[in-house]
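For reference, the structure discussed in these notes is given below.
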Amino acid sequence: METLSGPPAPAEPHVPTLADFLPPEDPLERLGGRTGGRVGGGQVDDLRRRVHGLRLADDFLAGGDLIRPALRDLRRAVRMYREHSFSELTGRRLLACIAELAQISGWIASDAGRYEEAEHIYRLGLSAAAQAGDRTLAGNLAGSLAYQLSNTGRESDGLDLARAALDGAGPHALPKARALYGDRLAWSATKAGGTGNAQAAMRALGEAGEALAQDSEGTESPGYLYWVDAGELRVMEARVYTELRRPLRAVPLLRGVLDAYDATHTREMALYLSWLAVAYADANEPEEAAVTADRMFTLAADLASERTAERGRLVLARLAEFREVPEVRAVLRSHAA
């Protein structure tokens, strides 16, 4: 006798992992004939110093100024790995250097507005980090790519990748790393929109703060996490509140950060001022928004950064709603071009 049954249960949706974002081919496949000589630890140390020098330069210079030396160093490092011989330990260290170099090079390319190239570089870095067995570094690359995707119209992909970065790191990741992954997830969830994602963003911010609170002087973190601190988390919190149109929370946070921020980091100052200008506009304070926007445009005038240019366009669009206010009209007239 046949047994009646209901329709089959739907298949569980696939939850993306970092492996889903690796390049389909192996961009680091080694050549059969190694004609480039042998690489030793000293050469890897030299490359690591070059990578950190690029990171420090990115604090002061925009992507358009750094893209050529960054790509030149990345091509040289990949060629070194593919064409030279080395010990197993040196090979793993070289892969980790390539991954770190890909992260900062991808960030620089993204800042220069070269998004397709940046994505290719980030995926190459993910491959290098995976082959080096460095989950923390893979998470940093994944979070950087997720940030770009979320900012360039691919919010769903960005959210999937940000979640994969956090999941892939595991519960025992270093405090600063977990804080950074939570920070990126908060932004991706905010950009994805919707009430559920807004709540997820708030949870991620809270978890990032809890993770950073576990960091201490005795906790060693990779050099590429040097910039992750409480101030950066407050900036992200303020940006999330701005995107969610909650200016009463965003404005005090941004003002506090900007009052203490290193003015030599011109691009970041301009970016943070752009969010403050929008938050003032959302608070129906167009005069303050205009003053803040004018300061932002003055700082950003000579920056070869597509990120600041895009933020400038968004600020102008938001200010246009108050064009009848004299201070706003003056800013629009001065900077609309």
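A note on labels: chains of the structure tokens are A, B, ... as shown, every chain counts residues from 1, and ligands are counted from 1 in their shown order.
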
At most 7 Å is the cut-off: for each residue in region 259-298 of chain A with any atom that close to an atom of region 60-81 of chain A, write down the nearest atom pair and the distance in Å rounded to one decimal, counting only C-alpha atoms, chain first then increasing number, as CSV.
residue,atom,partner,partner_atom,distance
A:Thr264,CA,A:Phe60,CA,6.7
A:His265,CA,A:Phe60,CA,5.2
A:Thr266,CA,A:Phe60,CA,6.6
A:Arg267,CA,A:Ala62,CA,7.0

Selection near Gly193 (chain A), 9 Å with only C-alpha atoms, sequence-local residues under 4 positions removed, as a ChimeraX atom specification: /A:155,188-189,197-198,244

Gap from CA of Gln214 (chain A) to CA of Leu174 (chain A) - Å, one decimal: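 Distance reported for this atom pair: 9.0 Å.
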
Kindly provide the residues of region 100-209 of chain A that approach region 306-320 of chain A to within 6 Å, each paired with its closest atom pair and their distance in Å to one decimal, based on only C-alpha atoms, listed by chain and increasing number, as a tab-separated table.
residue	atom	partner	partner_atom	distance
A:Asp111	CA	A:Arg307	CA	5.5
A:Ala112	CA	A:Glu306	CA	5.3
A:Gly113	CA	A:Glu306	CA	5.1

Region 37-43 of chain A surroundings by only C-alpha atoms, 12 Å radius, close-in-sequence under 4 positions cut, as number ranges by chain: A: 33, 47-50, 76-77, 79-94, 97
